[in-house]
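Visitor: So I've got this file, coords_32.txt, and it contains compact mmCIF, C-alpha atoms:
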```txt
# COMPACT_ATOMS: atom_id res chain seq x y z
CA MET A 1 0.00 0.00 0.00
CA GLN A 2 1.24 3.46 -0.80
CA ARG A 3 1.75 5.46 2.37
CA SER A 4 0.87 9.09 2.86
CA THR A 5 3.74 11.49 2.45
CA PRO A 6 4.34 14.26 5.00
CA ALA A 7 3.03 16.77 2.46
CA ASP A 8 -0.18 14.75 2.04
CA LEU A 9 -0.62 14.61 5.78
CA ASP A 10 -0.05 18.33 6.17
CA ALA A 11 -2.72 19.00 3.57
CA SER A 12 -5.16 16.58 5.24
CA PHE A 13 -4.58 17.99 8.70
CA SER A 14 -4.87 21.53 7.51
CA ALA A 15 -8.09 20.77 5.64
CA LEU A 16 -9.57 19.05 8.70
CA SER A 17 -8.60 21.79 11.10
CA ASP A 18 -11.80 23.59 10.12
CA ALA A 19 -15.10 22.61 11.79
CA THR A 20 -17.18 23.31 8.68
CA ARG A 21 -15.01 21.11 6.54
CA ARG A 22 -15.23 18.32 9.11
CA GLU A 23 -19.00 18.65 9.00
CA MET A 24 -18.90 18.45 5.20
CA ILE A 25 -16.91 15.22 5.37
CA ARG A 26 -19.29 13.83 7.96
CA THR A 27 -22.22 14.60 5.68
CA LEU A 28 -20.56 13.14 2.61
CA LEU A 29 -19.80 9.94 4.48
CA HIS A 30 -23.51 9.24 4.67
CA LYS A 31 -23.85 9.57 0.94
CA PRO A 32 -22.31 11.41 -2.00
CA ARG A 33 -23.99 14.74 -2.70
CA ARG A 34 -24.10 17.54 -5.20
CA ALA A 35 -22.63 20.87 -4.17
CA GLY A 36 -26.11 22.40 -3.81
CA GLU A 37 -27.33 19.64 -1.51
CA LEU A 38 -24.19 19.86 0.54
CA ALA A 39 -24.58 23.64 0.92
CA GLU A 40 -28.07 23.07 2.33
CA CYS A 41 -26.87 20.38 4.71
CA VAL A 42 -24.24 22.62 6.24
CA SER A 43 -26.32 25.81 5.92
CA MET A 44 -23.89 27.71 3.79
CA SER A 45 -23.94 29.82 0.66
CA PRO A 46 -22.78 28.07 -2.52
CA GLN A 47 -19.93 30.59 -2.80
CA ALA A 48 -18.60 29.91 0.66
CA LEU A 49 -19.06 26.19 0.17
CA SER A 50 -17.09 26.15 -3.03
CA ARG A 51 -14.02 27.52 -1.24
CA HIS A 52 -14.22 24.69 1.28
CA LEU A 53 -14.79 22.12 -1.45
CA LYS A 54 -11.65 23.32 -3.16
CA VAL A 55 -9.57 22.87 0.01
CA LEU A 56 -10.93 19.37 0.62
CA ARG A 57 -10.41 18.40 -3.01
CA LYS A 58 -6.83 19.66 -3.08
CA ALA A 59 -6.11 17.76 0.13
CA GLY A 60 -7.32 14.58 -1.57
CA LEU A 61 -10.07 14.02 0.98
CA ILE A 62 -12.94 14.25 -1.46
CA VAL A 63 -13.32 13.60 -5.15
CA GLU A 64 -15.68 15.02 -7.71
CA ASP A 65 -17.50 12.77 -10.14
CA GLY A 66 -19.61 13.71 -13.11
CA VAL A 67 -23.13 12.33 -13.20
CA GLU A 68 -24.02 10.06 -16.03
CA ASN A 69 -26.10 11.77 -18.73
CA ASP A 70 -25.51 15.19 -17.20
CA ALA A 71 -22.05 16.66 -17.55
CA ARG A 72 -23.13 19.87 -15.80
CA VAL A 73 -23.72 18.29 -12.43
CA SER A 74 -20.93 16.98 -10.26
CA VAL A 75 -21.28 14.77 -7.22
CA TYR A 76 -18.79 14.88 -4.39
CA HIS A 77 -17.81 11.91 -2.31
CA VAL A 78 -15.16 11.08 0.25
CA HIS A 79 -11.98 9.65 -1.14
CA PRO A 80 -11.80 6.01 0.00
CA GLY A 81 -8.16 6.41 1.01
CA ALA A 82 -8.89 9.42 3.19
CA PHE A 83 -9.11 7.42 6.40
CA GLU A 84 -5.62 6.01 6.18
CA PRO A 85 -4.37 8.18 9.07
CA LEU A 86 -6.75 6.41 11.46
CA GLN A 87 -5.90 3.01 10.07
CA ASP A 88 -2.24 3.85 10.51
CA TRP A 89 -2.90 4.89 14.10
CA LEU A 90 -4.84 1.74 14.99
CA ALA A 91 -2.18 -0.35 13.28
CA GLN A 92 0.41 1.25 15.56
CA VAL A 93 -1.69 0.56 18.66
CA GLU A 94 -2.20 -3.04 17.58
CA GLU A 95 1.46 -3.51 16.86
CA LEU A 96 2.36 -2.29 20.37
CA TRP A 97 -0.15 -4.68 21.96
CA ARG A 98 0.98 -7.52 19.72
CA ARG A 99 4.53 -7.09 20.95
CA GLN A 100 3.34 -6.87 24.56
CA LEU A 101 1.26 -10.02 24.26
CA HIS A 102 4.12 -11.87 22.65
CA ALA A 103 6.33 -10.90 25.59
CA PHE A 104 3.54 -11.98 27.96
CA LYS A 105 3.19 -15.37 26.23
CA THR A 106 6.92 -16.03 26.36
CA TYR A 107 7.15 -15.12 30.03
CA ALA A 108 3.96 -16.95 31.11
CA GLU A 109 4.83 -20.19 29.34
CA THR A 110 8.39 -20.19 30.67
CA ILE A 111 7.29 -19.56 34.25
CA HIS A 112 4.50 -22.11 34.04
CA ARG A 113 6.86 -24.78 32.69
CA SER A 114 9.42 -24.11 35.38
CA ARG A 115 6.76 -24.26 38.14
CA ARG A 116 5.33 -27.52 36.84
CA GLY A 117 8.83 -28.95 36.51
CA LYS A 118 9.34 -28.58 40.23
CA PRO A 119 8.77 -31.69 42.33
CA MET B 1 -14.04 -1.31 11.27
CA ASP B 2 -14.46 1.07 14.20
CA ASP B 3 -12.02 2.86 16.44
CA THR B 4 -10.97 -0.30 18.28
CA ALA B 5 -7.59 -1.98 18.18
CA ARG B 6 -7.89 -5.75 18.67
CA VAL B 7 -5.09 -8.19 19.34
CA SER B 8 -5.07 -11.70 20.79
CA VAL B 9 -2.58 -14.39 21.63
CA SER B 10 -2.84 -18.06 22.53
CA VAL B 11 -0.94 -19.00 25.67
CA ALA B 12 -0.26 -22.57 26.83
CA VAL B 13 -1.26 -21.99 30.45
CA PRO B 14 -4.67 -22.24 32.19
CA PRO B 15 -6.76 -19.03 32.45
CA ALA B 16 -6.15 -18.65 36.18
CA VAL B 17 -2.40 -18.69 35.64
CA ALA B 18 -2.63 -16.38 32.65
CA PHE B 19 -4.71 -13.89 34.62
CA GLU B 20 -2.37 -13.99 37.58
CA ILE B 21 0.75 -13.52 35.48
CA PHE B 22 -0.85 -10.82 33.38
CA THR B 23 -1.72 -8.78 36.46
CA ARG B 24 0.60 -9.63 39.34
CA ASP B 25 3.70 -10.12 37.21
CA ILE B 26 3.07 -7.28 34.82
CA ASP B 27 6.47 -5.72 35.42
CA ARG B 28 8.16 -9.00 34.54
CA TRP B 29 6.76 -9.28 31.06
CA TRP B 30 5.80 -5.69 30.08
CA ARG B 31 8.32 -4.62 27.49
CA ARG B 32 10.98 -2.12 28.35
CA GLY B 33 12.20 0.79 26.28
CA ILE B 34 10.90 4.14 25.23
CA LYS B 35 8.11 2.74 23.08
CA PHE B 36 6.53 0.88 25.97
CA ARG B 37 7.41 2.67 29.17
CA HIS B 38 7.74 6.23 30.34
CA ALA B 39 10.96 5.16 31.98
CA GLY B 40 12.56 4.64 28.59
CA PRO B 41 16.19 3.81 29.37
CA ARG B 42 15.77 4.69 33.08
CA SER B 43 14.92 2.10 35.69
CA GLY B 44 11.57 1.76 37.40
CA PHE B 45 8.63 -0.60 37.55
CA ILE B 46 5.06 -0.96 36.39
CA ARG B 47 2.32 -2.26 38.69
CA LEU B 48 -1.36 -3.13 38.52
CA GLU B 49 -3.19 -2.94 41.84
CA PRO B 50 -5.44 -6.02 41.99
CA HIS B 51 -8.91 -4.59 42.68
CA VAL B 52 -11.56 -2.35 41.17
CA GLY B 53 -10.31 1.22 41.42
CA GLY B 54 -6.71 0.00 41.64
CA ARG B 55 -4.09 1.87 39.71
CA LEU B 56 -2.07 0.77 36.74
CA PHE B 57 0.98 2.90 37.21
CA GLU B 58 4.59 3.24 36.39
CA SER B 59 7.22 4.38 38.85
CA VAL B 60 10.28 5.86 37.22
CA ASP B 61 13.54 6.46 39.02
CA GLY B 62 14.68 10.06 38.66
CA LYS B 63 17.46 12.19 40.11
CA GLU B 64 15.13 13.46 42.78
CA GLY B 65 13.53 10.18 43.66
CA PRO B 66 10.85 8.07 42.01
CA CYS B 67 8.23 9.71 39.85
CA VAL B 68 4.83 8.03 39.42
CA PHE B 69 2.81 8.13 36.25
CA GLU B 70 -0.71 6.72 36.47
CA VAL B 71 -1.68 4.99 33.25
CA GLY B 72 -5.21 4.17 34.37
CA ARG B 73 -7.57 2.58 36.89
CA VAL B 74 -9.04 -0.90 37.07
CA ARG B 75 -12.71 -0.87 36.14
CA ILE B 76 -13.49 -4.58 36.08
CA TRP B 77 -11.61 -7.14 38.14
CA ASP B 78 -13.08 -10.56 37.42
CA PRO B 79 -10.39 -13.25 37.67
CA PRO B 80 -9.76 -15.38 35.72
CA HIS B 81 -12.09 -14.12 33.01
CA ARG B 82 -12.01 -10.37 32.56
CA LEU B 83 -9.95 -7.34 33.33
CA GLU B 84 -10.73 -3.82 32.23
CA PHE B 85 -8.88 -0.62 32.92
CA SER B 86 -8.70 2.92 31.67
CA TRP B 87 -5.68 4.03 29.75
CA ARG B 88 -4.03 7.39 29.30
CA ASN B 89 -1.14 8.19 27.02
CA SER B 90 1.40 10.63 28.38
CA ASN B 91 0.18 13.35 26.02
CA PHE B 92 -3.45 13.09 27.12
CA THR B 93 -4.84 15.99 29.07
CA THR B 94 -6.70 15.59 32.36
CA GLY B 95 -9.94 13.72 31.90
CA GLU B 96 -8.94 12.16 28.61
CA TYR B 97 -8.68 8.40 28.56
CA THR B 98 -9.25 5.32 26.46
CA ASP B 99 -10.39 1.84 27.52
CA VAL B 100 -8.58 -1.46 27.55
CA ALA B 101 -10.44 -4.74 28.00
CA VAL B 102 -8.65 -8.06 28.42
CA ARG B 103 -10.46 -11.39 28.19
CA PHE B 104 -9.06 -14.75 29.19
CA SER B 105 -10.91 -17.58 27.44
CA GLU B 106 -10.17 -21.22 28.10
CA THR B 107 -9.14 -23.24 25.05
CA ALA B 108 -8.01 -26.80 24.48
CA LEU B 109 -4.41 -25.62 24.51
CA GLY B 110 -4.65 -23.19 27.41
CA THR B 111 -5.93 -19.63 27.20
CA LEU B 112 -6.77 -17.18 24.49
CA VAL B 113 -5.90 -13.72 25.76
CA SER B 114 -7.67 -10.96 23.81
CA VAL B 115 -7.04 -7.26 24.20
CA THR B 116 -9.32 -4.58 22.82
CA HIS B 117 -8.28 -0.96 23.13
CA ARG B 118 -11.05 1.46 22.27
CA GLY B 119 -12.24 4.97 22.88
CA TRP B 120 -9.88 6.81 20.59
CA SER B 121 -12.83 8.74 19.26
CA ALA B 122 -13.93 9.93 22.71
CA LEU B 123 -11.55 12.86 22.71
CA ARG B 124 -12.76 16.05 21.18
CA PRO B 125 -10.89 16.97 18.01
CA ASP B 126 -11.42 20.65 18.79
CA HIS B 127 -9.81 20.34 22.20
CA PRO B 128 -7.86 23.53 23.05
CA ALA B 129 -4.73 21.44 23.44
CA ARG B 130 -4.91 20.74 19.79
CA HIS B 131 -3.54 24.11 18.78
CA GLY B 132 0.19 23.98 18.40
CA LEU B 133 0.32 20.22 18.58
CA GLU B 134 3.36 18.73 16.97
CA GLY B 135 3.50 15.85 14.51
CA ALA B 136 2.69 12.74 16.49
CA ALA B 137 0.18 14.38 18.81
CA PHE B 138 -1.62 16.07 15.97
CA ASN B 139 -1.63 12.83 14.03
CA ARG B 140 -3.27 11.22 17.04
CA MET B 141 -5.93 13.90 17.18
CA ILE B 142 -6.75 13.43 13.56
CA GLY B 143 -6.82 9.70 14.11
CA LEU B 144 -9.34 10.23 16.87
CA TRP B 145 -11.48 12.38 14.73
CA TRP B 146 -11.56 9.76 12.03
CA GLY B 147 -12.52 7.28 14.69
CA GLU B 148 -15.80 9.11 15.11
CA GLN B 149 -16.52 8.61 11.50
CA MET B 150 -15.79 4.92 11.27
CA ALA B 151 -19.35 3.62 11.54
CA SER B 152 -20.43 5.81 8.64
CA LEU B 153 -17.23 5.02 6.87
CA ARG B 154 -17.81 1.29 7.03
CA GLU B 155 -21.17 1.64 5.35
CA TYR B 156 -19.68 4.05 2.93
CA SER B 157 -16.80 1.80 1.88
CA LEU B 158 -19.25 -1.06 1.32
CA THR B 159 -21.23 1.20 -0.99
CA VAL B 160 -18.12 2.21 -2.88
CA ARG B 161 -17.07 -1.40 -3.38
CA ALA B 162 -20.53 -2.50 -4.45
```
Could you rewrite the structure in this file as structure tokens?

Guide:
Amino acid sequence: MQRSTPADLDASFSALSDATRREMIRTLLHKPRRAGELAECVSMSPQALSRHLKVLRKAGLIVEDGVENDARVSVYHVHPGAFEPLQDWLAQVEELWRRQLHAFKTYAETIHRSRRGKP
Amino acid sequence: MDDTARVSVSVAVPPAVAFEIFTRDIDRWWRRGIKFRHAGPRSGFIRLEPHVGGRLFESVDGKEGPCVFEVGRVRIWDPPHRLEFSWRNSNFTTGEYTDVAVRFSETALGTLVSVTHRGWSALRPDHPARHGLEGAAFNRMIGLWWGEQMASLREYSLTVRA
């Protein structure tokens, strides 16, 4: 899997540092929407929304798709790879616990064997 | 997928022994080094007090005597089946914590020890501490925020794949 570069992460973090943009992502996670629908959902003018859309798009968090049979209307959805930072974080937590449990197993089995070996 | 880390290991000892070693002997098996202990290269010990409300803490030897860092408190003490405790990373602010649950299930070969570590999404992404956070801490915050979204995200990714 291709990992995020520091520049990608900076862009993602910067884009998500804004509460409105987080709300937009939250909304788009439920289902892809047109810009107009999204503006209604987050109670914002289309002009203001378009600035936020641009930031999210440039950060690679959302993508814009044309609608079949209507080239004038675009639908926005969350980029499937956008949640990699969380997956990376959970993977780190799991790796730490995996190493701890391995150490636990080694210690427990050794101690148990030595206790049972005693007369 | 949600905001829970899950790891398990099969151990060739009975549950009662596994539970006792996991708790009473925690300092003997808990890994050392900067990744796993506040002590890092310094000496010290880690201890789990064996009752509900008991502390999981680390004592680190410093120049001016030992320094105690409380990782969390025991919430469920149910030997030899279950153990649950709260968990704070060193960069958490007061009142912030996550939850660790450990289950000891009897198997034909001994015990299956399963750890789940959840609650990463419980911390507010707009916490004041967030401003000025450096790399790793900020990464964590963002991770937490994504944690909130995972339920929606799971449905979403199924839709995308369909």

Visitor: Between B:Pro14, B:Ile46, B:Phe57, B:Gly72, which one has atoms that come closest to B:Trp29, using only C-alpha atoms?

Guide: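 Using only C-alpha atoms, the shortest distance to B:Trp29 belongs to B:Ile46.
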
Visitor: For chain A, which residues have at least one atom within 8 Å of chain B, if we go by all atoms listed in the file? Write them as number ranges by chain, please.

Guide: A: 13, 16, 26, 29-31, 80, 83, 85-87, 89-91, 93-94, 96-105, 107-109, 112

Visitor: Take every atom of stretch 6-14 of chain B listed in the file, fit an axis-aligned box around them, add 4 Å per side, and give the centre and edge lengths in Å to one decimal as JSON.

Guide:
```
{"center_x": -4.1, "center_y": -14.2, "center_z": 25.4, "size_x": 15.6, "size_y": 24.8, "size_z": 21.5}
```

Visitor: Excluding stretch 54-63 of chain A and residues on its chain fewer than 2 positions from it, collect all residues at most 9 Å away from it, counting all atoms listed in the file, and give them as a list in words.

Guide: Asp8, Leu9, Asp10, Ala11, Ser12, Phe13, Ser14, Ala15, Leu16, Arg21, Ile25, Leu28, Leu49, Ser50, Arg51, His52, Asp65, Val75, Tyr76, His77, Val78, His79, Pro80, Gly81, Ala82 and Phe83 of chain A

Visitor: Can you tell me how far atom CA of B:Asn89 sits from atom CA of B:Glu70, in Å to one decimal?

Guide: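 So the two atoms, atom CA of B:Asn89 and atom CA of B:Glu70, lie 9.6 Å apart.
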
Visitor: So how far away is atom CA of A:Glu23 from atom CA of B:Thr98, in Å?

Guide: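 Result for atom CA of B:Thr98 versus atom CA of A:Glu23: 24.0 Å, one decimal.
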
Visitor: Out of A:Leu53, A:Cys41, A:Ala48, A:Ile111, which residue has the shortest atom-to-atom distance to A:Ser74 when counting all atoms listed in the file?

Guide: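 Smallest separation from A:Ser74 among the options: A:Leu53.
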
Visitor: Show me the residues close to (14.7, 8.7, 41.2) - anything with an atom within 12 Å, counting only C-alpha atoms - and format the list as a PyMOL selection string.

Guide: chain B and resi 39+42-45+59-68

Visitor: If I take atom CA of B:Leu109 and atom CA of A:Thr106, how far is one from the other in Å, to one decimal?

Guide: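 Value for the atom CA of B:Leu109-atom CA of A:Thr106 distance: 15.0 Å.
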